[in-house]
Structure formats: C-alpha cells, structure tokens
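One file, target08.cif, carrying mmCIF, C-alpha atoms, pLDDT in the B column; chains and numbers go by the auth columns:
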data_coords
loop_
_atom_site.group_PDB
_atom_site.id
_atom_site.type_symbol
_atom_site.label_atom_id
_atom_site.label_comp_id
_atom_site.label_asym_id
_atom_site.label_seq_id
_atom_site.Cartn_x
_atom_site.Cartn_y
_atom_site.Cartn_z
_atom_site.B_iso_or_equiv
_atom_site.auth_seq_id
_atom_site.auth_asym_id
ATOM 1 C CA MET A 1 8.307 -9.470 58.469 42.00 1 A
ATOM 2 C CA PRO A 2 11.870 -9.663 57.130 50.00 2 A
ATOM 3 C CA GLY A 3 13.043 -6.787 54.989 60.00 3 A
ATOM 4 C CA TYR A 4 15.368 -6.611 52.024 63.00 4 A
ATOM 5 C CA LYS A 5 18.468 -6.531 54.246 63.00 5 A
ATOM 6 C CA ASP A 6 17.583 -9.945 55.634 59.00 6 A
ATOM 7 C CA TRP A 7 17.272 -11.336 52.108 53.00 7 A
ATOM 8 C CA ILE A 8 20.585 -9.769 51.073 59.00 8 A
ATOM 9 C CA ASP A 9 22.248 -11.488 54.014 60.00 9 A
ATOM 10 C CA THR A 10 21.172 -14.877 52.646 53.00 10 A
ATOM 11 C CA ILE A 11 22.624 -14.597 49.137 58.00 11 A
ATOM 12 C CA ASP A 12 26.023 -15.957 50.186 56.00 12 A
ATOM 13 C CA ILE A 13 24.592 -19.109 51.767 51.00 13 A
ATOM 14 C CA ARG A 14 26.380 -21.899 49.953 68.00 14 A
ATOM 15 C CA ILE A 15 24.397 -24.874 48.752 77.00 15 A
ATOM 16 C CA ASP A 16 25.820 -28.105 50.144 85.00 16 A
ATOM 17 C CA TYR A 17 26.176 -30.121 46.939 92.00 17 A
ATOM 18 C CA TYR A 18 27.932 -32.940 48.802 91.00 18 A
ATOM 19 C CA SER A 19 24.667 -33.802 50.549 92.00 19 A
ATOM 20 C CA ALA A 20 22.633 -33.212 47.389 93.00 20 A
ATOM 21 C CA PHE A 21 24.831 -35.602 45.411 96.00 21 A
ATOM 22 C CA MET A 22 24.690 -38.320 48.080 95.00 22 A
ATOM 23 C CA LYS A 23 20.908 -38.015 48.323 95.00 23 A
ATOM 24 C CA ALA A 24 20.697 -38.559 44.567 95.00 24 A
ATOM 25 C CA TRP A 25 23.153 -41.466 44.813 97.00 25 A
ATOM 26 C CA ILE A 26 20.996 -43.187 47.457 96.00 26 A
ATOM 27 C CA ALA A 27 18.120 -43.154 44.963 96.00 27 A
ATOM 28 C CA PHE A 28 20.427 -44.456 42.215 96.00 28 A
ATOM 29 C CA ASN A 29 21.765 -47.159 44.545 96.00 29 A
ATOM 30 C CA ALA A 30 18.244 -48.268 45.366 95.00 30 A
ATOM 31 C CA TRP A 31 17.442 -48.577 41.656 96.00 31 A
ATOM 32 C CA TYR A 32 20.422 -50.702 40.673 96.00 32 A
ATOM 33 C CA ASN A 33 20.150 -52.898 43.775 95.00 33 A
ATOM 34 C CA TYR A 34 16.422 -53.558 43.813 94.00 34 A
ATOM 35 C CA SER A 35 14.967 -52.908 40.358 94.00 35 A
ATOM 36 C CA GLY A 36 16.135 -56.297 39.057 94.00 36 A
ATOM 37 C CA GLU A 37 17.484 -54.592 35.941 96.00 37 A
ATOM 38 C CA ILE A 38 21.194 -54.653 36.825 97.00 38 A
ATOM 39 C CA ALA A 39 23.352 -57.717 37.521 94.00 39 A
ATOM 40 C CA GLY A 40 25.887 -57.717 40.337 94.00 40 A
ATOM 41 C CA LYS A 41 26.566 -58.772 43.918 93.00 41 A
ATOM 42 C CA ASN A 42 27.954 -55.467 45.198 94.00 42 A
ATOM 43 C CA ASP A 43 28.213 -51.803 44.251 94.00 43 A
ATOM 44 C CA LYS A 44 31.323 -52.240 42.132 91.00 44 A
ATOM 45 C CA GLU A 45 29.830 -55.120 40.131 93.00 45 A
ATOM 46 C CA HIS A 46 26.627 -53.154 39.631 96.00 46 A
ATOM 47 C CA ILE A 47 28.552 -50.131 38.359 95.00 47 A
ATOM 48 C CA ASP A 48 30.622 -52.289 36.001 93.00 48 A
ATOM 49 C CA SER A 49 27.387 -53.764 34.671 95.00 49 A
ATOM 50 C CA ILE A 50 25.794 -50.336 34.186 97.00 50 A
ATOM 51 C CA ALA A 51 28.900 -49.023 32.436 95.00 51 A
ATOM 52 C CA GLN A 52 29.532 -52.039 30.205 93.00 52 A
ATOM 53 C CA THR A 53 26.067 -53.297 29.230 94.00 53 A
ATOM 54 C CA SER A 54 22.987 -51.776 27.675 95.00 54 A
ATOM 55 C CA ASN A 55 20.519 -50.574 30.327 97.00 55 A
ATOM 56 C CA ARG A 56 18.037 -47.775 30.819 97.00 56 A
ATOM 57 C CA PHE A 57 20.326 -45.459 32.801 98.00 57 A
ATOM 58 C CA ARG A 58 23.210 -45.640 30.349 98.00 58 A
ATOM 59 C CA GLU A 59 20.906 -45.346 27.343 98.00 59 A
ATOM 60 C CA TYR A 60 19.317 -42.209 28.806 98.00 60 A
ATOM 61 C CA ILE A 61 22.801 -40.691 29.045 98.00 61 A
ATOM 62 C CA VAL A 62 23.550 -41.646 25.434 98.00 62 A
ATOM 63 C CA ASN A 63 20.271 -40.090 24.303 98.00 63 A
ATOM 64 C CA LEU A 64 21.013 -36.893 26.219 98.00 64 A
ATOM 65 C CA LEU A 65 24.474 -36.680 24.668 98.00 65 A
ATOM 66 C CA ARG A 66 22.863 -36.927 21.236 97.00 66 A
ATOM 67 C CA ALA A 67 19.674 -34.880 21.793 97.00 67 A
ATOM 68 C CA GLU A 68 19.374 -31.658 19.808 95.00 68 A
ATOM 69 C CA ASP A 69 16.830 -30.111 22.196 97.00 69 A
ATOM 70 C CA SER A 70 17.368 -27.812 25.196 97.00 70 A
ATOM 71 C CA GLU A 71 17.499 -30.739 27.632 97.00 71 A
ATOM 72 C CA GLY A 72 20.336 -32.347 25.672 97.00 72 A
ATOM 73 C CA ALA A 73 22.209 -29.038 25.406 97.00 73 A
ATOM 74 C CA SER A 74 21.829 -28.467 29.151 97.00 74 A
ATOM 75 C CA TYR A 75 23.066 -31.971 29.950 98.00 75 A
ATOM 76 C CA ARG A 76 26.131 -31.615 27.745 98.00 76 A
ATOM 77 C CA ASP A 77 26.905 -28.260 29.378 98.00 77 A
ATOM 78 C CA ASN A 78 26.803 -29.958 32.776 98.00 78 A
ATOM 79 C CA VAL A 79 29.183 -32.679 31.540 98.00 79 A
ATOM 80 C CA ALA A 80 31.571 -29.996 30.253 98.00 80 A
ATOM 81 C CA ASN A 81 31.308 -28.102 33.544 98.00 81 A
ATOM 82 C CA LEU A 82 31.977 -31.301 35.487 98.00 82 A
ATOM 83 C CA HIS A 83 35.088 -31.929 33.398 98.00 83 A
ATOM 84 C CA GLU A 84 36.342 -28.399 34.049 97.00 84 A
ATOM 85 C CA ALA A 85 35.559 -28.609 37.764 97.00 85 A
ATOM 86 C CA LEU A 86 37.453 -31.901 38.055 97.00 86 A
ATOM 87 C CA GLN A 87 40.484 -30.286 36.437 96.00 87 A
ATOM 88 C CA ASN A 88 40.389 -27.517 39.026 95.00 88 A
ATOM 89 C CA ALA A 89 39.780 -29.713 42.079 94.00 89 A
ATOM 90 C CA ALA A 90 42.194 -32.642 41.487 87.00 90 A
ATOM 91 C CA LEU A 91 40.185 -35.226 43.450 92.00 91 A
ATOM 92 C CA MET A 92 41.632 -38.713 43.891 88.00 92 A
ATOM 93 C CA THR A 93 40.470 -42.076 45.211 85.00 93 A
ATOM 94 C CA GLN A 94 41.673 -45.680 45.301 79.00 94 A
ATOM 95 C CA GLU A 95 38.282 -47.268 45.927 72.00 95 A
ATOM 96 C CA TYR A 96 37.544 -48.281 42.348 71.00 96 A
ATOM 97 C CA ILE A 97 40.644 -50.065 41.058 74.00 97 A
ATOM 98 C CA GLY A 98 42.638 -50.437 44.269 73.00 98 A
ATOM 99 C CA THR A 99 45.329 -47.895 43.399 76.00 99 A
ATOM 100 C CA ARG A 100 45.170 -44.150 43.942 81.00 100 A
ATOM 101 C CA GLN A 101 43.805 -42.533 40.807 85.00 101 A
ATOM 102 C CA ALA A 102 42.805 -39.017 39.773 88.00 102 A
ATOM 103 C CA ILE A 103 39.107 -38.665 38.959 94.00 103 A
ATOM 104 C CA SER A 104 39.149 -37.362 35.423 95.00 104 A
ATOM 105 C CA PHE A 105 37.674 -37.873 31.973 97.00 105 A
ATOM 106 C CA SER A 106 41.240 -38.136 30.691 95.00 106 A
ATOM 107 C CA SER A 107 41.988 -41.305 32.702 92.00 107 A
ATOM 108 C CA VAL A 108 38.878 -43.444 33.096 92.00 108 A
ATOM 109 C CA ALA A 109 39.162 -47.023 34.346 87.00 109 A
ATOM 110 C CA SER A 110 37.140 -49.466 32.260 84.00 110 A
ATOM 111 C CA LYS A 111 36.667 -53.162 33.003 83.00 111 A
ATOM 112 C CA ASN A 112 39.024 -55.191 30.828 89.00 112 A
ATOM 113 C CA LEU A 113 36.957 -57.601 28.743 86.00 113 A
ATOM 114 C CA ASN A 114 40.014 -59.250 27.175 91.00 114 A
ATOM 115 C CA ALA A 115 39.775 -62.993 27.818 94.00 115 A
ATOM 116 C CA ALA A 116 42.939 -64.162 26.061 96.00 116 A
ATOM 117 C CA GLU A 117 46.326 -62.921 24.891 97.00 117 A
ATOM 118 C CA ARG A 118 48.695 -65.017 22.784 97.00 118 A
ATOM 119 C CA PHE A 119 51.844 -64.338 20.825 97.00 119 A
ATOM 120 C CA ASP A 120 55.113 -65.941 19.741 97.00 120 A
ATOM 121 C CA TYR A 121 58.409 -64.293 20.484 96.00 121 A
ATOM 122 C CA TYR A 122 61.767 -65.733 19.510 93.00 122 A
ATOM 123 C CA LYS A 123 61.672 -69.428 20.483 95.00 123 A
ATOM 124 C CA ASN A 124 58.633 -69.411 22.757 98.00 124 A
ATOM 125 C CA HIS A 125 54.836 -69.177 22.717 98.00 125 A
ATOM 126 C CA TYR A 126 53.245 -66.996 25.409 98.00 126 A
ATOM 127 C CA GLU A 127 49.617 -67.335 26.427 98.00 127 A
ATOM 128 C CA CYS A 128 47.378 -65.839 29.117 98.00 128 A
ATOM 129 C CA THR A 129 43.698 -66.704 29.370 97.00 129 A
ATOM 130 C CA ARG A 130 40.843 -65.859 31.715 94.00 130 A
ATOM 131 C CA ILE A 131 38.622 -68.918 32.220 91.00 131 A
ATOM 132 C CA ARG A 132 35.763 -68.973 34.750 86.00 132 A
ATOM 133 C CA GLY A 133 37.442 -66.287 36.835 82.00 133 A
ATOM 134 C CA LYS A 134 40.886 -67.909 36.820 93.00 134 A
ATOM 135 C CA ILE A 135 43.907 -66.429 35.043 97.00 135 A
ATOM 136 C CA ILE A 136 46.112 -69.074 33.440 97.00 136 A
ATOM 137 C CA THR A 137 49.597 -68.100 32.301 98.00 137 A
ATOM 138 C CA SER A 138 51.680 -70.417 30.143 98.00 138 A
ATOM 139 C CA VAL A 139 55.031 -70.315 28.327 98.00 139 A
ATOM 140 C CA LYS A 140 55.877 -73.104 25.867 98.00 140 A
ATOM 141 C CA GLU A 141 58.781 -73.875 23.587 97.00 141 A
ATOM 142 C CA LYS A 142 57.583 -73.408 20.007 96.00 142 A
ATOM 143 C CA SER A 143 59.635 -76.240 18.563 96.00 143 A
ATOM 144 C CA THR A 144 58.631 -78.944 21.060 96.00 144 A
ATOM 145 C CA GLY A 145 55.434 -77.678 22.673 96.00 145 A
ATOM 146 C CA VAL A 146 56.989 -78.345 26.065 97.00 146 A
ATOM 147 C CA GLU A 147 55.549 -76.045 28.760 98.00 147 A
ATOM 148 C CA ILE A 148 58.350 -74.330 30.652 97.00 148 A
ATOM 149 C CA PHE A 149 56.110 -72.177 32.848 98.00 149 A
ATOM 150 C CA HIS A 150 52.521 -72.567 34.077 97.00 150 A
ATOM 151 C CA PHE A 151 50.678 -70.585 36.742 97.00 151 A
ATOM 152 C CA ASP A 152 46.984 -70.513 37.734 96.00 152 A
ATOM 153 C CA GLN A 153 45.538 -67.640 39.764 96.00 153 A
ATOM 154 C CA ASP A 154 42.127 -66.798 41.188 95.00 154 A
ATOM 155 C CA GLU A 155 42.760 -63.087 40.656 91.00 155 A
ATOM 156 C CA TYR A 156 45.207 -60.798 38.879 94.00 156 A
ATOM 157 C CA ASP A 157 48.374 -60.342 40.945 94.00 157 A
ATOM 158 C CA GLU A 158 51.546 -59.409 39.113 94.00 158 A
ATOM 159 C CA GLU A 159 53.693 -59.664 42.238 95.00 159 A
ATOM 160 C CA ALA A 160 52.517 -63.221 42.949 96.00 160 A
ATOM 161 C CA LEU A 161 53.409 -64.199 39.382 97.00 161 A
ATOM 162 C CA GLN A 162 56.909 -62.772 39.664 97.00 162 A
ATOM 163 C CA GLN A 163 57.534 -64.586 42.952 96.00 163 A
ATOM 164 C CA GLN A 164 57.089 -68.037 41.406 97.00 164 A
ATOM 165 C CA SER A 165 60.381 -69.947 41.471 97.00 165 A
ATOM 166 C CA VAL A 166 59.916 -71.249 37.920 97.00 166 A
ATOM 167 C CA TYR A 167 59.256 -67.690 36.690 98.00 167 A
ATOM 168 C CA VAL A 168 62.468 -66.495 38.373 97.00 168 A
ATOM 169 C CA SER A 169 64.392 -69.276 36.594 97.00 169 A
ATOM 170 C CA LEU A 170 63.286 -68.039 33.138 97.00 170 A
ATOM 171 C CA THR A 171 65.676 -65.937 31.097 97.00 171 A
ATOM 172 C CA PRO A 172 65.296 -62.131 31.288 97.00 172 A
ATOM 173 C CA THR A 173 63.756 -62.104 27.798 97.00 173 A
ATOM 174 C CA GLN A 174 61.289 -64.842 28.722 97.00 174 A
ATOM 175 C CA ARG A 175 60.298 -63.058 31.943 97.00 175 A
ATOM 176 C CA GLU A 176 59.811 -59.760 30.137 97.00 176 A
ATOM 177 C CA SER A 177 57.688 -61.369 27.405 98.00 177 A
ATOM 178 C CA CYS A 178 55.649 -63.354 29.925 98.00 178 A
ATOM 179 C CA LEU A 179 54.936 -60.206 31.933 97.00 179 A
ATOM 180 C CA ARG A 180 53.963 -58.320 28.773 97.00 180 A
ATOM 181 C CA CYS A 181 51.461 -61.052 27.927 98.00 181 A
ATOM 182 C CA TYR A 182 50.183 -61.189 31.503 97.00 182 A
ATOM 183 C CA GLY A 183 49.682 -57.414 31.572 95.00 183 A
ATOM 184 C CA LYS A 184 46.910 -57.773 28.991 95.00 184 A
ATOM 185 C CA MET A 185 44.842 -59.490 31.688 94.00 185 A
ATOM 186 C CA THR A 186 44.828 -56.498 34.041 92.00 186 A
ATOM 187 C CA PRO A 187 41.300 -56.137 35.489 89.00 187 A
ATOM 188 C CA TYR A 188 40.958 -52.546 34.318 88.00 188 A
ATOM 189 C CA VAL A 189 42.367 -50.485 31.498 89.00 189 A
ATOM 190 C CA ILE A 190 42.814 -46.722 31.691 90.00 190 A
ATOM 191 C CA GLU A 191 41.440 -44.721 28.768 92.00 191 A
ATOM 192 C CA SER A 192 40.712 -41.103 27.948 95.00 192 A
ATOM 193 C CA VAL A 193 37.401 -39.969 26.486 96.00 193 A
ATOM 194 C CA LEU A 194 38.905 -36.635 25.478 96.00 194 A
ATOM 195 C CA SER A 195 39.957 -36.166 21.875 94.00 195 A
ATOM 196 C CA LYS A 196 43.565 -36.590 20.896 91.00 196 A
ATOM 197 C CA PRO A 197 45.122 -33.253 19.893 88.00 197 A
ATOM 198 C CA GLU A 198 45.260 -34.317 16.248 89.00 198 A
ATOM 199 C CA ASP A 199 41.519 -35.164 16.283 86.00 199 A
ATOM 200 C CA VAL A 200 40.270 -31.867 17.728 86.00 200 A
ATOM 201 C CA GLY A 201 38.034 -30.119 15.227 81.00 201 A
ATOM 202 C CA SER A 202 37.453 -33.232 13.130 87.00 202 A
ATOM 203 C CA PRO A 203 33.695 -33.973 12.980 84.00 203 A
ATOM 204 C CA ASP A 204 34.478 -37.629 12.243 87.00 204 A
ATOM 205 C CA ARG A 205 36.752 -38.158 15.246 90.00 205 A
ATOM 206 C CA SER A 206 35.711 -35.668 17.936 94.00 206 A
ATOM 207 C CA LYS A 207 32.546 -34.411 19.626 95.00 207 A
ATOM 208 C CA LYS A 208 32.241 -30.899 20.979 95.00 208 A
ATOM 209 C CA ILE A 209 30.796 -30.783 24.501 96.00 209 A
ATOM 210 C CA GLY A 210 30.798 -27.278 25.858 95.00 210 A
ATOM 211 C CA ALA A 211 34.244 -25.827 25.250 94.00 211 A
ATOM 212 C CA TYR A 212 35.878 -29.270 25.188 96.00 212 A
ATOM 213 C CA SER A 213 36.471 -31.941 22.563 96.00 213 A
ATOM 214 C CA PHE A 214 35.568 -35.509 23.501 97.00 214 A
ATOM 215 C CA VAL A 215 35.892 -38.708 21.480 96.00 215 A
ATOM 216 C CA LYS A 216 33.239 -39.277 18.828 95.00 216 A
ATOM 217 C CA ASP A 217 31.682 -42.173 20.740 96.00 217 A
ATOM 218 C CA ASP A 218 28.621 -41.439 22.879 97.00 218 A
ATOM 219 C CA VAL A 219 28.534 -44.953 24.360 97.00 219 A
ATOM 220 C CA LYS A 220 32.160 -44.660 25.481 96.00 220 A
ATOM 221 C CA ILE A 221 31.461 -41.221 26.986 98.00 221 A
ATOM 222 C CA SER A 222 28.399 -42.612 28.778 98.00 222 A
ATOM 223 C CA ARG A 223 30.531 -45.401 30.284 96.00 223 A
ATOM 224 C CA ALA A 224 33.036 -42.806 31.472 97.00 224 A
ATOM 225 C CA ILE A 225 30.283 -40.723 33.063 98.00 225 A
ATOM 226 C CA VAL A 226 29.029 -43.745 35.042 97.00 226 A
ATOM 227 C CA VAL A 227 32.546 -44.551 36.292 95.00 227 A
ATOM 228 C CA VAL A 228 33.389 -40.919 37.146 97.00 228 A
ATOM 229 C CA LEU A 229 30.148 -40.567 39.121 97.00 229 A
ATOM 230 C CA TYR A 230 30.901 -43.765 41.033 96.00 230 A
ATOM 231 C CA MET A 231 34.446 -42.638 41.815 94.00 231 A
ATOM 232 C CA LEU A 232 33.061 -39.340 43.107 96.00 232 A
ATOM 233 C CA ARG A 233 30.649 -41.282 45.291 96.00 233 A
ATOM 234 C CA CYS A 234 33.575 -43.324 46.693 92.00 234 A
ATOM 235 C CA CYS A 235 35.700 -40.221 47.178 91.00 235 A
ATOM 236 C CA LEU A 236 32.943 -38.504 49.159 92.00 236 A
ATOM 237 C CA ALA A 237 31.792 -41.549 51.141 90.00 237 A
ATOM 238 C CA HIS A 238 35.346 -42.278 52.340 87.00 238 A
ATOM 239 C CA GLY A 239 36.410 -38.677 52.953 86.00 239 A
ATOM 240 C CA ASP A 240 39.265 -38.760 50.444 85.00 240 A
ATOM 241 C CA PHE A 241 39.465 -34.952 50.203 86.00 241 A
ATOM 242 C CA SER A 242 39.120 -31.764 52.230 83.00 242 A
ATOM 243 C CA PRO A 243 35.917 -29.888 51.350 87.00 243 A
ATOM 244 C CA ASP A 244 36.433 -26.532 49.689 87.00 244 A
ATOM 245 C CA GLU A 245 34.804 -24.397 47.018 88.00 245 A
ATOM 246 C CA ALA A 246 36.532 -26.266 44.166 91.00 246 A
ATOM 247 C CA SER A 247 35.354 -29.695 45.316 91.00 247 A
ATOM 248 C CA ASN A 248 31.847 -28.395 46.109 91.00 248 A
ATOM 249 C CA ASN A 249 31.736 -27.172 42.513 94.00 249 A
ATOM 250 C CA VAL A 250 32.584 -30.690 41.298 96.00 250 A
ATOM 251 C CA TYR A 251 29.670 -32.150 43.222 96.00 251 A
ATOM 252 C CA LYS A 252 27.375 -29.407 41.969 96.00 252 A
ATOM 253 C CA TYR A 253 27.804 -30.581 38.390 97.00 253 A
ATOM 254 C CA ALA A 254 28.070 -34.263 39.354 98.00 254 A
ATOM 255 C CA TYR A 255 24.651 -33.872 40.976 96.00 255 A
ATOM 256 C CA GLU A 256 23.199 -32.448 37.767 96.00 256 A
ATOM 257 C CA VAL A 257 24.837 -35.093 35.563 98.00 257 A
ATOM 258 C CA LEU A 258 23.471 -37.869 37.809 98.00 258 A
ATOM 259 C CA CYS A 259 19.984 -36.450 38.410 96.00 259 A
ATOM 260 C CA ILE A 260 18.806 -35.848 34.842 96.00 260 A
ATOM 261 C CA PRO A 261 19.020 -39.505 33.672 97.00 261 A
ATOM 262 C CA LEU A 262 18.109 -40.728 37.169 96.00 262 A
ATOM 263 C CA LYS A 263 14.744 -38.955 37.076 94.00 263 A
ATOM 264 C CA LYS A 264 13.931 -40.737 33.820 94.00 264 A
ATOM 265 C CA LEU A 265 14.043 -44.100 35.645 93.00 265 A
ATOM 266 C CA ARG A 266 10.711 -43.415 37.355 86.00 266 A
#

The structure in this file should be written as structure tokens.
Amino acid sequence: MPGYKDWIDTIDIRIDYYSAFMKAWIAFNAWYNYSGEIAGKNDKEHIDSIAQTSNRFREYIVNLLRAEDSEGASYRDNVANLHEALQNAALMTQEYIGTRQAISFSSVASKNLNAAERFDYYKNHYECTRIRGKIITSVKEKSTGVEIFHFDQDEYDEEALQQQSVYVSLTPTQRESCLRCYGKMTPYVIESVLSKPEDVGSPDRSKKIGAYSFVKDDVKISRAIVVVLYMLRCCLAHGDFSPDEASNNVYKYAYEVLCIPLKKLR
C-alpha cells in the first residue's frame, strides 16, 4: 500500500490542459456540426454563426456573464484569468483571418456585416457594396454620373484591386479615396472588448470582470469569447506555439470557459 511519500511525489504532476481543452472542443464541434442548430459549411462559418447570431451556446455565456450567483461569479473569474493568462503567454495564429494575429481580448476579429459604403469626396462619388458574395467597387463623376472605375470581385483582395490598370490610371486622390471606401468591406474588423481608459470605473460604460474592466456589453463579450476559444483551438491544432507553463495556463482557463456553457447544451 503506498505511503504518504508516494502521494507527496505526485503533487507536482502537471495536468495536461491542452488535451483537456481539445477533448472539450471535440464535444463542442460535434454539437455545432450535427445538432442542426448552427448554420455553416465548415468550422469557420459555424463559429461566425455562433458568434454573430442568437443561439443556445452564446446565450448561456451571456447569462453566465450576468448571473449574480456563485456559478456566474466563477465563470467571470475564469474569463478574467483567461485574459490574464493570454497576456502572459502571447499566443498567435493566422488560422482565423488569414494574417498572423495575437489571441487577445484587446484585438478580437469580428465578421464585418457592413454591406455598403458610400461617400462623396471632391468631384467624385465612391461606392462599395457586397451583393450575393461579390464586392462591387465603383467611382463616378458627381457632375455627370459617368463611371470612371468599376471592379467586381468574388472575395476581398486589396492587392487585386490596386493592380487594375484603370485603378492605376486614377489620380492619387481618387486612388486613396477608393481604397478608403473599399477598406470598409474588409471581411473582419478588429475590436477590443476591454474598456477604454476613460471608461474604467464608469458603471454605464464598463463591466468589472475579476480585476479587469471590460466593455458594458455582455453580447459583445460573449462574441469575443467564442472567437478567442476558436483561435485557441486553431493555435493548438496547428502547433503554432511551443508548450510551456504559460501556455498550459491559458488552456486551463480556456477549458473552464468552454466547458461551463458546453455542459448546458445537454
């Protein structure tokens, strides 16, 4: 029969939270793929749908962020701990938006729902629209309505736009204005769900979660949590980091933040 020395020898055994998180993600993946509750053709589309639309998983997170009971307090503590752990680990991935990005609550990528951008500048009218998946960019003379630039794309590609011969022939001011309009069609926008310094301490504009101040918008925070969890899944699945104590700590709290609402899906 083992004695106390044997038990003492086991206290430094580190829990592998990487495996724990991925096991929880497999269950989450099975829910959003096969429950019939979430629209999408692939993981990324499913995650965008979970983050942007009302559904059971996101609503459970919102409820936990608002709950005044011990479960809500525990969940918010785990969110705060996850935020702190991310600050200490500096994990990055390019799997979500195609460019290398730090995983952080201060720079969360959200799907851009903007379908049109229009403005007049100097002598021209600039317009970019997203219609049935296509991005249409147009520049017209205000006085005559004559179109001096038109470009249709199946997906957002700033470099392809700038390589068009007619775009190159525009004046520098026209090119700059056209690009500014086009930029509003970027597939994702980067936002922070942490309070601005001037809002910290204001009950109308900030929400205290642990030792940190977040924006006073539980739905926006819930969207950020979904995206951060997905980015952590991508980071781990593709080996974007070297495992160490700091990153293991991230996945410890990511596991907790994922599991509590996940278990409510039963």

Starting from the displayed file, determine the output of the PyMOL selection byres ((chain A and resi 23) around 12) and express the residue list as a list in words. Asp16, Tyr17, Tyr18, Ser19, Ala20, Phe21, Met22, Ala24, Trp25, Ile26, Ala27, Phe28, Asn29, Ala30, Arg233, Ala237, Tyr251, Tyr255, Leu258, Cys259 and Leu262 of chain A

Got a sec to resolve the PyMOL selection byres ((chain A and resi 194) around 12) on this structure and send the residues as number ranges by chain? A: 80, 83, 104-108, 191-193, 195-200, 205-209, 211-218, 220-221, 224

To test your reading of the syntax: which residues would the PyMOL selection byres ((chain A and resi 188) around 12) return for the file shown? Reply as a ChimeraX atom specification. /A:48,96-99,107-114,156,183-187,189-191,227

Between A:Arg118, A:Gln87, A:Asp152, A:Asn42, which has the minimum distance to A:Ile103 (counting only C-alpha atoms)?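 The shortest atom-to-atom distance to A:Ile103 comes from A:Gln87.
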
10 Å contact set for A:Asn81, all atoms listed in the file, chain neighbours under 2 positions out, as a list in words: Tyr75, Arg76, Asp77, Asn78, Val79, His83, Glu84, Ala85, Leu86, Gln87, Ile209, Gly210, Ala211, Tyr212, Asn249, Val250, Lys252, Tyr253, Ala254 and Val257 of chain A

Have a look at atom CA of A:Glu117 and atom CA of A:Glu176 and let me know their distance in Å, one decimal.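 About the pair atom CA of A:Glu117 and atom CA of A:Glu176: they are 14.8 Å apart.
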
Spatial neighbours of stretch 161-174 of chain A, max dist 9 Å, all atoms listed in the file, sep filter under 3 positions, as a PyMOL selection string: chain A and resi 121+124+126+137+139+148-151+153+156-158+177-179

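The interatomic distance for the pair atom CA of A:Met92 and atom CA of A:Lys44 works out to 17.1 Å.
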
I need the residue nearest A:Gln101 from this list: A:Met231, A:Lys263, A:Ile225, A:Leu236. Use only C-alpha atoms for the distance.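 Of A:Met231, A:Lys263, A:Ile225, A:Leu236, the one nearest A:Gln101, counting only C-alpha atoms, is A:Met231.
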
Give the answer as one residue: which of A:Asn248, A:Asn55, A:Arg223, A:Glu141 has the shortest atom-to-atom distance to A:Gly36, using all atoms listed in the file? A:Asn55

Separation of atom CA of A:Ile131 from atom CA of A:Glu147, in Å and rounded to one decimal: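 Computing the Euclidean distance for atom CA of A:Ile131 and atom CA of A:Glu147 yields 18.7 Å.
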
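With all atoms listed in the file as the atoms that count, the residue of A:Cys128, A:Ala39, A:Ala90, A:Ser70 with the shortest distance to A:Leu232 is A:Ala90.
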
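Shortest separation to A:Ser143 among A:Tyr32, A:Phe57, A:Phe241, A:Tyr122 occurs at residue A:Tyr122, atoms counted being only C-alpha atoms.
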
A:Ser202, A:Ser247, A:Asn33, A:Ser222: which is nearest A:Leu64, counting all atoms listed in the file? A:Ser222
